$ cat data_22.txt   # compact mmCIF, C-alpha atoms
# COMPACT_ATOMS: atom_id res chain seq x y z
CA MET A 1121 -64.78 -21.55 1.43
CA ALA A 1122 -67.35 -22.61 -1.06
CA GLU A 1123 -69.24 -25.75 -0.11
CA SER A 1124 -71.45 -27.99 -2.24
CA ARG A 1125 -74.76 -28.65 -0.69
CA THR A 1126 -77.32 -31.28 -1.77
CA GLU A 1127 -80.74 -31.85 -0.45
CA GLU A 1128 -82.42 -35.21 0.17
CA THR A 1129 -86.06 -35.73 0.70
CA ILE A 1130 -86.83 -38.52 3.13
CA THR A 1131 -90.32 -39.88 3.28
CA LYS A 1132 -91.52 -41.41 6.44
CA SER A 1133 -94.79 -43.20 7.07
CA GLU A 1134 -95.79 -42.91 10.62
CA SER A 1135 -98.87 -42.62 12.70
CA VAL A 1136 -99.67 -39.16 13.86
CA LYS A 1137 -102.02 -38.38 16.59
CA ALA A 1138 -104.11 -35.30 16.10
CA ASP A 1139 -106.68 -34.08 18.64
CA GLY A 1140 -106.18 -37.32 20.58
CA GLN A 1141 -106.92 -39.46 17.49
CA GLN A 1142 -104.43 -41.53 15.40
CA THR A 1143 -104.31 -41.00 11.65
CA ASN A 1144 -102.95 -44.00 9.75
CA GLY A 1145 -101.30 -43.85 6.39
CA LYS A 1146 -100.36 -40.11 6.47
CA VAL A 1147 -97.14 -39.40 4.62
CA VAL A 1148 -94.76 -36.77 6.17
CA GLU A 1149 -91.95 -35.33 4.07
CA GLU A 1150 -88.76 -33.91 5.70
CA THR A 1151 -85.90 -32.10 4.02
CA LYS A 1152 -82.28 -32.89 5.29
CA THR A 1153 -79.19 -30.90 4.22
CA VAL A 1154 -75.96 -33.01 3.64
CA GLU A 1155 -72.48 -31.27 3.32
CA ARG A 1156 -69.89 -32.75 0.89
CA LYS A 1157 -66.10 -31.66 0.46
CA GLY A 1158 -65.29 -29.65 -2.68
CA PRO A 1159 -62.12 -30.13 -4.88
CA VAL A 1160 -60.11 -27.30 -3.12
CA LYS A 1161 -60.55 -28.93 0.29
CA ARG A 1162 -59.54 -32.27 -1.13
CA ILE A 1163 -56.16 -30.97 -2.55
CA LEU A 1164 -55.31 -28.58 0.32
CA PRO A 1165 -53.52 -31.22 2.48
CA PHE A 1166 -51.40 -32.25 -0.51
CA PHE A 1167 -50.50 -28.59 -1.13
CA PHE A 1168 -49.27 -28.10 2.43
CA LEU A 1169 -47.36 -31.38 2.25
CA ALA A 1170 -45.60 -30.20 -0.93
CA ILE A 1171 -44.61 -26.94 0.79
CA LEU A 1172 -43.24 -28.88 3.74
CA VAL A 1173 -41.18 -31.15 1.48
CA ALA A 1174 -39.82 -28.17 -0.52
CA ALA A 1175 -38.86 -26.39 2.71
CA ALA A 1176 -37.09 -29.50 3.96
CA ILE A 1177 -35.15 -29.88 0.70
CA TYR A 1178 -34.20 -26.19 0.72
CA GLY A 1179 -33.11 -26.37 4.35
CA TRP A 1180 -30.98 -29.42 3.61
CA HIS A 1181 -29.30 -27.61 0.72
CA VAL A 1182 -28.69 -24.56 2.92
CA ILE A 1183 -27.08 -26.72 5.58
CA GLN A 1184 -24.87 -28.45 3.01
CA TYR A 1185 -23.93 -25.09 1.45
CA ASN A 1186 -23.00 -23.55 4.79
CA LYS A 1187 -20.75 -26.50 5.55
CA ILE A 1188 -18.38 -25.59 2.71
CA HIS A 1189 -18.78 -21.80 2.62
CA GLU A 1190 -17.92 -18.99 5.02
CA ASP A 1191 -19.46 -15.60 4.42
CA THR A 1192 -19.41 -12.16 5.99
CA ASP A 1193 -20.79 -8.73 5.29
CA ASP A 1194 -18.09 -7.06 7.41
CA ALA A 1195 -15.86 -6.44 4.39
CA GLN A 1196 -14.81 -3.56 2.18
CA ILE A 1197 -12.61 -2.77 -0.80
CA ASP A 1198 -9.14 -1.47 0.03
CA ALA A 1199 -6.31 0.10 -1.96
CA ASP A 1200 -3.06 1.90 -1.29
CA ILE A 1201 -3.57 5.66 -1.12
CA SER A 1202 -0.38 7.68 -1.60
CA PRO A 1203 -0.26 11.19 -0.10
CA ILE A 1204 1.32 13.92 -2.23
CA LEU A 1205 3.52 16.16 -0.07
CA PRO A 1206 6.00 18.85 -1.19
CA ARG A 1207 9.60 18.50 -0.01
CA VAL A 1208 10.41 22.18 -0.36
CA SER A 1209 8.51 25.30 0.58
CA GLY A 1210 7.48 27.91 -1.96
CA TYR A 1211 4.75 29.46 -4.02
CA VAL A 1212 2.76 27.19 -6.34
CA GLN A 1213 3.58 28.06 -9.93
CA ALA A 1214 1.26 25.63 -11.71
CA VAL A 1215 -1.27 22.87 -10.97
CA TYR A 1216 -1.75 20.36 -13.77
CA VAL A 1217 -4.47 18.04 -12.42
CA ASN A 1218 -8.00 18.29 -11.10
CA GLU A 1219 -10.00 16.27 -8.63
CA ASN A 1220 -10.72 12.67 -9.77
CA ASP A 1221 -8.32 12.88 -12.75
CA PRO A 1222 -6.61 9.60 -13.67
CA VAL A 1223 -2.82 9.91 -13.74
CA ASP A 1224 0.09 7.68 -14.67
CA SER A 1225 3.28 7.24 -12.74
CA ASN A 1226 5.73 10.18 -13.09
CA THR A 1227 2.98 12.54 -14.29
CA VAL A 1228 3.73 16.15 -13.31
CA LEU A 1229 1.15 17.27 -10.74
CA VAL A 1230 2.37 20.59 -9.33
CA THR A 1231 5.35 22.90 -9.85
CA ILE A 1232 6.71 25.31 -7.24
CA ASP A 1233 8.51 28.56 -8.07
CA ASN A 1234 12.15 27.45 -8.31
CA ARG A 1235 14.09 30.65 -8.98
CA ASP A 1236 15.70 30.78 -5.54
CA LEU A 1237 16.59 27.09 -5.84
CA MET A 1238 18.24 27.74 -9.20
CA MET A 1239 20.34 30.48 -7.58
CA LYS A 1240 21.50 28.01 -4.96
CA VAL A 1241 22.52 25.62 -7.73
CA SER A 1242 24.52 28.35 -9.46
CA SER A 1243 26.23 29.28 -6.18
CA ALA A 1244 27.14 25.65 -5.53
CA GLU A 1245 28.54 25.32 -9.06
CA ALA A 1246 30.74 28.40 -8.54
CA ALA A 1247 32.04 27.08 -5.23
CA LEU A 1248 32.84 23.77 -6.84
CA ALA A 1249 34.73 25.49 -9.66
CA ALA A 1250 36.80 27.46 -7.14
CA THR A 1251 37.83 24.35 -5.25
CA GLU A 1252 38.70 22.60 -8.49
CA THR A 1253 40.99 25.55 -9.31
CA GLY A 1254 42.68 25.06 -5.94
CA ILE A 1255 43.31 21.43 -6.82
CA ARG A 1256 44.94 22.40 -10.09
CA SER A 1257 47.15 24.94 -8.29
CA ALA A 1258 48.18 22.35 -5.73
CA GLN A 1259 48.91 19.86 -8.48
CA ALA A 1260 51.14 22.44 -10.23
CA SER A 1261 52.99 23.00 -6.96
CA THR A 1262 53.48 19.28 -6.63
CA THR A 1263 54.93 19.09 -10.12
CA ALA A 1264 57.35 21.93 -9.32
CA ALA A 1265 58.29 20.26 -6.04
CA SER A 1266 59.05 17.03 -7.89
CA ALA A 1267 61.38 18.91 -10.24
CA ASN A 1268 63.09 20.58 -7.29
CA ILE A 1269 63.56 17.21 -5.64
CA ALA A 1270 65.20 15.85 -8.75
CA ALA A 1271 67.59 18.82 -8.95
CA ALA A 1272 68.38 18.62 -5.25
CA GLU A 1273 69.12 14.91 -5.53
CA VAL A 1274 71.58 15.60 -8.40
CA ASN A 1275 73.28 18.33 -6.36
CA ARG A 1276 73.38 16.12 -3.28
CA ASN A 1277 74.95 13.24 -5.23
CA LYS A 1278 77.59 15.55 -6.78
CA THR A 1279 78.59 17.11 -3.47
CA ALA A 1280 78.71 13.69 -1.85
CA GLN A 1281 81.12 12.49 -4.53
CA ASP A 1282 83.21 15.68 -4.12
CA LEU A 1283 83.37 15.06 -0.40
CA ALA A 1284 84.54 11.48 -0.90
CA ARG A 1285 87.34 12.59 -3.23
CA ALA A 1286 88.30 15.42 -0.87
CA ARG A 1287 88.80 12.94 1.97
CA GLY A 1288 91.35 11.03 -0.16
CA VAL A 1289 93.12 14.19 -1.21
CA LEU A 1290 93.16 15.44 2.36
CA ALA A 1291 94.68 12.17 3.49
CA GLY A 1292 97.45 12.56 0.86
CA GLY A 1293 98.21 16.08 2.08
CA ALA A 1294 97.33 17.70 -1.23
CA MET A 1295 94.42 19.69 0.27
CA THR A 1296 94.20 22.04 3.11
CA LYS A 1297 91.80 21.62 5.97
CA GLU A 1298 89.92 24.80 4.97
CA GLN A 1299 89.32 23.48 1.46
CA PHE A 1300 88.02 20.18 2.88
CA ASP A 1301 85.68 21.94 5.28
CA ALA A 1302 84.23 23.99 2.40
CA ILE A 1303 83.52 20.86 0.35
CA GLN A 1304 82.01 19.17 3.40
CA ALA A 1305 79.78 22.18 4.04
CA SER A 1306 78.60 22.16 0.42
CA ALA A 1307 77.67 18.47 0.73
CA GLN A 1308 75.76 19.15 3.95
CA ALA A 1309 73.91 22.09 2.35
CA ALA A 1310 72.92 19.92 -0.62
CA GLU A 1311 71.55 17.28 1.80
CA ASP A 1312 69.59 19.91 3.70
CA GLN A 1313 68.21 21.38 0.48
CA LEU A 1314 67.02 17.94 -0.66
CA LYS A 1315 65.21 17.42 2.65
CA SER A 1316 63.61 20.86 2.35
CA VAL A 1317 62.22 20.30 -1.14
CA GLN A 1318 60.98 16.86 -0.05
CA ASP A 1319 59.10 18.49 2.82
CA GLN A 1320 57.65 21.02 0.39
CA ALA A 1321 56.51 18.21 -1.91
CA ALA A 1322 54.82 16.46 1.04
CA ALA A 1323 53.08 19.72 1.94
CA THR A 1324 51.76 20.14 -1.61
CA GLU A 1325 50.44 16.58 -1.55
CA THR A 1326 48.61 17.42 1.67
CA GLN A 1327 47.19 20.49 -0.02
CA ILE A 1328 45.99 18.34 -2.90
CA ALA A 1329 44.27 15.92 -0.51
CA SER A 1330 42.62 18.84 1.30
CA ALA A 1331 41.52 20.39 -1.99
CA GLU A 1332 40.10 17.07 -3.17
CA ALA A 1333 38.11 16.78 0.07
CA GLN A 1334 36.80 20.30 -0.46
CA VAL A 1335 35.84 19.40 -4.02
CA LYS A 1336 33.89 16.40 -2.76
CA ALA A 1337 32.12 18.57 -0.19
CA LYS A 1338 31.26 21.19 -2.79
CA GLN A 1339 30.08 18.45 -5.14
CA VAL A 1340 27.76 17.19 -2.40
CA ASP A 1341 26.46 20.74 -1.92
CA LEU A 1342 25.85 21.01 -5.65
CA ASP A 1343 24.07 17.65 -5.78
CA ASN A 1344 21.90 18.67 -2.83
CA ALA A 1345 21.04 21.98 -4.48
CA LYS A 1346 20.06 20.15 -7.68
CA LEU A 1347 18.02 17.68 -5.63
CA GLN A 1348 16.17 20.52 -3.93
CA LEU A 1349 15.57 22.04 -7.34
CA SER A 1350 14.10 18.77 -8.60
CA TYR A 1351 11.68 18.76 -5.64
CA ALA A 1352 10.10 21.91 -7.05
CA THR A 1353 8.48 19.66 -9.66
CA ILE A 1354 6.06 17.32 -7.88
CA ILE A 1355 5.31 14.13 -9.80
CA ALA A 1356 2.95 11.22 -9.23
CA PRO A 1357 4.81 8.36 -7.53
CA VAL A 1358 2.23 5.79 -8.68
CA ALA A 1359 -0.55 5.41 -11.21
CA GLY A 1360 -4.05 6.02 -9.94
CA THR A 1361 -6.75 8.64 -9.46
CA VAL A 1362 -6.34 12.08 -7.90
CA ALA A 1363 -8.37 12.60 -4.72
CA LYS A 1364 -8.64 15.22 -1.96
CA LYS A 1365 -6.94 17.92 -4.04
CA ASN A 1366 -6.12 20.78 -1.69
CA VAL A 1367 -3.79 23.12 -3.59
CA GLU A 1368 -4.37 26.17 -5.77
CA LEU A 1369 -2.26 28.34 -8.06
CA GLY A 1370 -0.25 31.00 -6.20
CA GLU A 1371 -0.65 29.36 -2.81
CA PHE A 1372 2.37 29.22 -0.50
CA VAL A 1373 2.96 25.65 0.60
CA GLN A 1374 5.19 24.31 3.33
CA ALA A 1375 7.34 21.23 3.09
CA GLY A 1376 5.26 18.27 4.23
CA GLN A 1377 1.90 19.97 3.67
CA PRO A 1378 -0.70 17.56 2.16
CA LEU A 1379 -1.61 18.71 -1.35
CA MET A 1380 -3.62 15.76 -2.63
CA ALA A 1381 -3.75 11.97 -2.61
CA ILE A 1382 -3.60 9.31 -5.31
CA ALA A 1383 -5.70 6.17 -4.94
CA GLU A 1384 -3.87 3.36 -6.68
CA ARG A 1385 -5.59 1.14 -9.23
CA ASP A 1386 -4.68 -2.17 -7.62
CA ILE A 1387 -7.43 -3.10 -5.18
CA TRP A 1388 -8.16 -5.93 -2.77
CA ILE A 1389 -10.81 -6.84 -0.21
CA THR A 1390 -10.35 -6.81 3.54
CA ALA A 1391 -12.94 -9.21 4.95
CA ASN A 1392 -13.20 -9.35 8.74
CA TYR A 1393 -14.21 -12.92 9.56
CA LYS A 1394 -15.10 -14.10 13.02
CA GLU A 1395 -12.42 -16.13 14.71
CA THR A 1396 -14.86 -19.06 14.80
CA GLN A 1397 -14.95 -19.05 10.97
CA LEU A 1398 -11.20 -19.35 10.39
CA ASP A 1399 -10.86 -23.08 10.97
CA ASP A 1400 -11.25 -23.99 7.29
CA ILE A 1401 -10.10 -20.77 5.59
CA ARG A 1402 -6.81 -21.13 3.73
CA PRO A 1403 -4.84 -18.96 1.26
CA GLY A 1404 -5.71 -19.70 -2.36
CA GLN A 1405 -9.37 -20.59 -1.78
CA PRO A 1406 -11.85 -19.11 -4.31
CA VAL A 1407 -14.10 -16.25 -3.29
CA GLU A 1408 -17.33 -14.84 -4.66
CA PHE A 1409 -18.41 -11.40 -3.57
CA THR A 1410 -21.01 -8.78 -4.31
CA VAL A 1411 -20.80 -5.03 -3.83
CA ASP A 1412 -23.68 -3.02 -2.43
CA ALA A 1413 -23.30 -0.54 -5.28
CA TYR A 1414 -23.93 -3.28 -7.89
CA PRO A 1415 -26.30 -5.82 -6.32
CA ASP A 1416 -26.79 -7.72 -9.59
CA ALA A 1417 -23.07 -8.20 -10.30
CA VAL A 1418 -21.01 -11.10 -8.94
CA PHE A 1419 -17.24 -10.72 -8.69
CA HIS A 1420 -14.56 -13.29 -8.04
CA GLY A 1421 -11.25 -13.46 -6.24
CA LYS A 1422 -9.14 -15.65 -3.99
CA VAL A 1423 -7.80 -15.59 -0.46
CA GLN A 1424 -4.31 -14.08 -0.43
CA SER A 1425 -3.43 -14.07 3.28
CA ILE A 1426 -4.79 -13.99 6.82
CA SER A 1427 -3.80 -11.31 9.31
CA PRO A 1428 -1.42 -12.44 12.10
CA ALA A 1429 -3.61 -10.74 14.73
CA THR A 1430 -7.18 -9.63 15.29
CA GLY A 1431 -8.28 -6.17 14.32
CA ALA A 1432 -8.63 -5.16 17.96
CA LYS A 1433 -4.89 -5.70 18.54
CA PHE A 1434 -4.09 -3.04 15.93
CA SER A 1435 -6.53 -0.50 17.32
CA LEU A 1436 -5.39 2.74 18.95
CA LEU A 1437 -6.27 1.40 22.39
CA PRO A 1438 -5.97 -2.42 22.32
CA PRO A 1439 -8.18 -4.19 24.88
CA ASP A 1440 -6.53 -5.38 28.08
CA ASN A 1441 -8.54 -8.32 29.33
CA SER A 1442 -6.38 -8.66 32.43
CA SER A 1443 -7.83 -5.48 33.92
CA GLY A 1444 -11.41 -4.96 35.03
CA ASN A 1445 -14.28 -7.34 34.42
CA PHE A 1446 -13.83 -9.70 31.49
CA VAL A 1447 -16.59 -10.08 28.93
CA LYS A 1448 -15.81 -12.54 26.15
CA VAL A 1449 -16.46 -11.07 22.71
CA THR A 1450 -15.96 -12.94 19.47
CA GLN A 1451 -13.04 -11.26 17.73
CA ARG A 1452 -12.65 -10.68 14.00
CA VAL A 1453 -9.53 -11.38 11.96
CA PRO A 1454 -8.87 -9.50 8.69
CA VAL A 1455 -8.55 -11.73 5.62
CA LYS A 1456 -7.00 -10.23 2.49
CA ILE A 1457 -8.76 -11.25 -0.74
CA LEU A 1458 -7.25 -10.52 -4.13
CA VAL A 1459 -9.72 -9.43 -6.81
CA ASP A 1460 -9.53 -11.18 -10.18
CA ARG A 1461 -8.51 -8.72 -12.83
CA GLY A 1462 -11.32 -7.93 -15.22
CA ASN A 1463 -13.06 -5.20 -17.13
CA TYR A 1464 -14.95 -3.22 -14.51
CA SER A 1465 -15.69 -0.20 -16.68
CA LYS A 1466 -19.42 -0.54 -16.03
CA THR A 1467 -18.97 -1.58 -12.42
CA PRO A 1468 -15.88 0.29 -11.16
CA LEU A 1469 -14.72 -0.91 -7.76
CA ARG A 1470 -13.60 1.89 -5.46
CA PRO A 1471 -11.87 1.71 -2.08
CA GLY A 1472 -14.28 1.82 0.83
CA MET A 1473 -17.22 0.12 -0.92
CA SER A 1474 -19.12 -2.40 1.22
CA VAL A 1475 -18.80 -6.04 0.20
CA ASP A 1476 -20.50 -9.35 0.98
CA ALA A 1477 -17.78 -11.99 0.62
CA THR A 1478 -18.22 -15.77 0.52
CA ILE A 1479 -15.20 -18.10 0.69
CA SER A 1480 -15.57 -21.63 -0.69
CA THR A 1481 -13.64 -23.79 1.78
CA GLY A 1482 -14.45 -27.01 -0.11
CA LYS A 1483 -14.02 -29.28 2.92

$ encode --input "data_22.txt" --output "structure tokens"
Amino acid sequence: MAESRTEETITKSESVKADGQQTNGKVVEETKTVERKGPVKRILPFFFLAILVAAAIYGWHVIQYNKIHEDTDDAQIDADISPILPRVSGYVQAVYVNENDPVDSNTVLVTIDNRDLMMKVSSAEAALAATETGIRSAQASTTAASANIAAAEVNRNKTAQDLARARGVLAGGAMTKEQFDAIQASAQAAEDQLKSVQDQAAATETQIASAEAQVKAKQVDLDNAKLQLSYATIIAPVAGTVAKKNVELGEFVQAGQPLMAIAERDIWITANYKETQLDDIRPGQPVEFTVDAYPDAVFHGKVQSISPATGAKFSLLPPDNSSGNFVKVTQRVPVKILVDRGNYSKTPLRPGMSVDATISTGK
């Protein structure tokens, strides 16, 4: 460091002995260097004091901020991802989307060759028509049986009246026993005929019930055939973006084979907070978060819910602390954060992106 130096000349009068003799009145001049502090050295202590005060103020603000905020970098963007699976097997006839294409709900994605399915529909329609014809035949038989019952009832009533009159005539002696027996036999035959046509009518009603059951069964077969035919056209169940497309024109696909996935547009954040941070976190609290992909952008949201269990409890092999040696590890609990809707055209948020989330507890 630069130093200012001044020189002083001090004059001393003293007696000097030279060669054993004293010389009076000789003047001896000596030069003495004196160091003085410059302006930088004078302000340096004040500079360090200012830094110390600023650090103390900043530390106090950090402490106050941390009292009402909980943050974590163990967070990511999540969204529902719907797999697209065929429900029928067949050869792919057309593919209408490409990887990363945006699609709306009910957009046609893939069609499967449906000619064999159409033949099954036609066969089911023919079977249904045949059973419906059987119903009409049974209904006609029922109508005829009803007419026969009416005629038999008239005949039965007439013969019954003849029999009643014959009993009176027989009692008066104006009729022979043979004539009475013939009238009585006719009345009995009319009664038997009525019972027979009634049984036939009951049988035709049973046939109608059986035919109606067959019609219902054939209708179910037809509906199922039409349903299978509709599965040949694969549509988007939700709106979103096509991902992991794994199907090509002419490929034979099996029912249940993954063809692609659709990432839905509604997103949220899953922030895994330490269990020691949950004391003041509540649903509805405001959240600020940043995404690693856009470090200069600040997004907002709010706490929607807190998981009922730690993430470890939902793992494939949950820990069992009752076996072996126990080592206490701070667990993390997923917190679901809803993202405020906004225009993110310049900063699109995609599932899986890393997030730094800060919840304002406001306590």

$ residues_around --input "data_22.txt" --residues "Gly1210 of chain A" --least-positions-apart "6" --cutoff "10 Å" --atoms "all atoms listed in the file" --output "PyMOL selection string"
chain A and resi 1231-1234+1236-1237+1352+1370-1375

$ residues_around --input "data_22.txt" --residues "Val1418 of chain A" --least-positions-apart "3" --cutoff "10 Å" --atoms "all atoms listed in the file" --output "VMD selection string"
chain A and resid 1408 to 1411 1414 to 1415

$ write_last_selection --input "data_22.txt" --atoms "C-alpha atoms" --output "PDB file, keeping the file's coordinate frame"
ATOM      1  CA  GLU A1408     -17.330 -14.840  -4.660  1.00  0.00           C
ATOM      2  CA  PHE A1409     -18.410 -11.400  -3.570  1.00  0.00           C
ATOM      3  CA  THR A1410     -21.010  -8.780  -4.310  1.00  0.00           C
ATOM      4  CA  VAL A1411     -20.800  -5.030  -3.830  1.00  0.00           C
ATOM      5  CA  TYR A1414     -23.930  -3.280  -7.890  1.00  0.00           C
ATOM      6  CA  PRO A1415     -26.300  -5.820  -6.320  1.00  0.00           C
TER       7      PRO A1415
END

$ residues_around --input "data_22.txt" --residues "segment 1397-1399 of chain A" --least-positions-apart "4" --cutoff "10 Å" --atoms "only C-alpha atoms" --output "NGL selection string"
:A and (1189-1192 or 1393 or 1426 or 1452-1453 or 1455 or 1481)

$ closest_residue --input "data_22.txt" --among "A:Ile1401, A:Leu1379, A:Leu1347, A:Ala1432" --to "Val1367 of chain A" --atoms "only C-alpha atoms"
A:Leu1379

$ residues_near_point --input "data_22.txt" --point "(-12.2, -10.6, -0.8)" --cutoff "7 Å" --atoms "all atoms listed in the file" --output "compact mmCIF listing (two decimals) with C-alpha atoms, in the coordinates of the input"
# COMPACT_ATOMS: atom_id res chain seq x y z
CA TRP A 1388 -8.16 -5.93 -2.77
CA ILE A 1389 -10.81 -6.84 -0.21
CA THR A 1390 -10.35 -6.81 3.54
CA ALA A 1391 -12.94 -9.21 4.95
CA VAL A 1407 -14.10 -16.25 -3.29
CA PHE A 1409 -18.41 -11.40 -3.57
CA GLY A 1421 -11.25 -13.46 -6.24
CA LYS A 1422 -9.14 -15.65 -3.99
CA VAL A 1423 -7.80 -15.59 -0.46
CA LYS A 1456 -7.00 -10.23 2.49
CA ILE A 1457 -8.76 -11.25 -0.74
CA LEU A 1458 -7.25 -10.52 -4.13
CA VAL A 1459 -9.72 -9.43 -6.81
CA ALA A 1477 -17.78 -11.99 0.62

$ residues_around --input "data_22.txt" --residues "Pro1471 of chain A" --least-positions-apart "4" --cutoff "6 Å" --atoms "only C-alpha atoms" --output "list in words"
Ile1197, Asp1198 and Ala1199 of chain A

$ residues_around --input "data_22.txt" --residues "Gln1451 of chain A" --least-positions-apart "4" --cutoff "7 Å" --atoms "all atoms listed in the file" --output "list in words"
Lys1394, Glu1395 and Thr1430 of chain A

$ closest_residue --input "data_22.txt" --among "A:Gln1318, A:Ser1242, A:Ser1465, A:Gln1304" --to "Glu1273 of chain A" --atoms "only C-alpha atoms"
A:Gln1318

$ atom_distance --input "data_22.txt" --atom1 "atom CA of Ala1417 of chain A" --atom2 "atom CA of Thr1396 of chain A"
28.6 Å

$ atom_distance --input "data_22.txt" --atom1 "atom CA of Ile1188 of chain A" --atom2 "atom CA of Pro1406 of chain A"
11.6 Å

$ closest_residue --input "data_22.txt" --among "A:Ile1354, A:Ala1244, A:Ala1381, A:Val1173" --to "Asn1218 of chain A" --atoms "all atoms listed in the file"
A:Ala1381

$ axis_aligned_box --input "data_22.txt" --around "segment 1410-1421 of chain A" --padding-each-side "5 Å" --output "AutoDock Vina command-line options"
--center_x -19.0 --center_y -7.0 --center_z -6.4 --size_x 25.5 --size_y 22.9 --size_z 17.9

$ atom_distance --input "data_22.txt" --atom1 "atom CA of Ala1176 of chain A" --atom2 "atom CA of Ile1163 of chain A"
20.2 Å
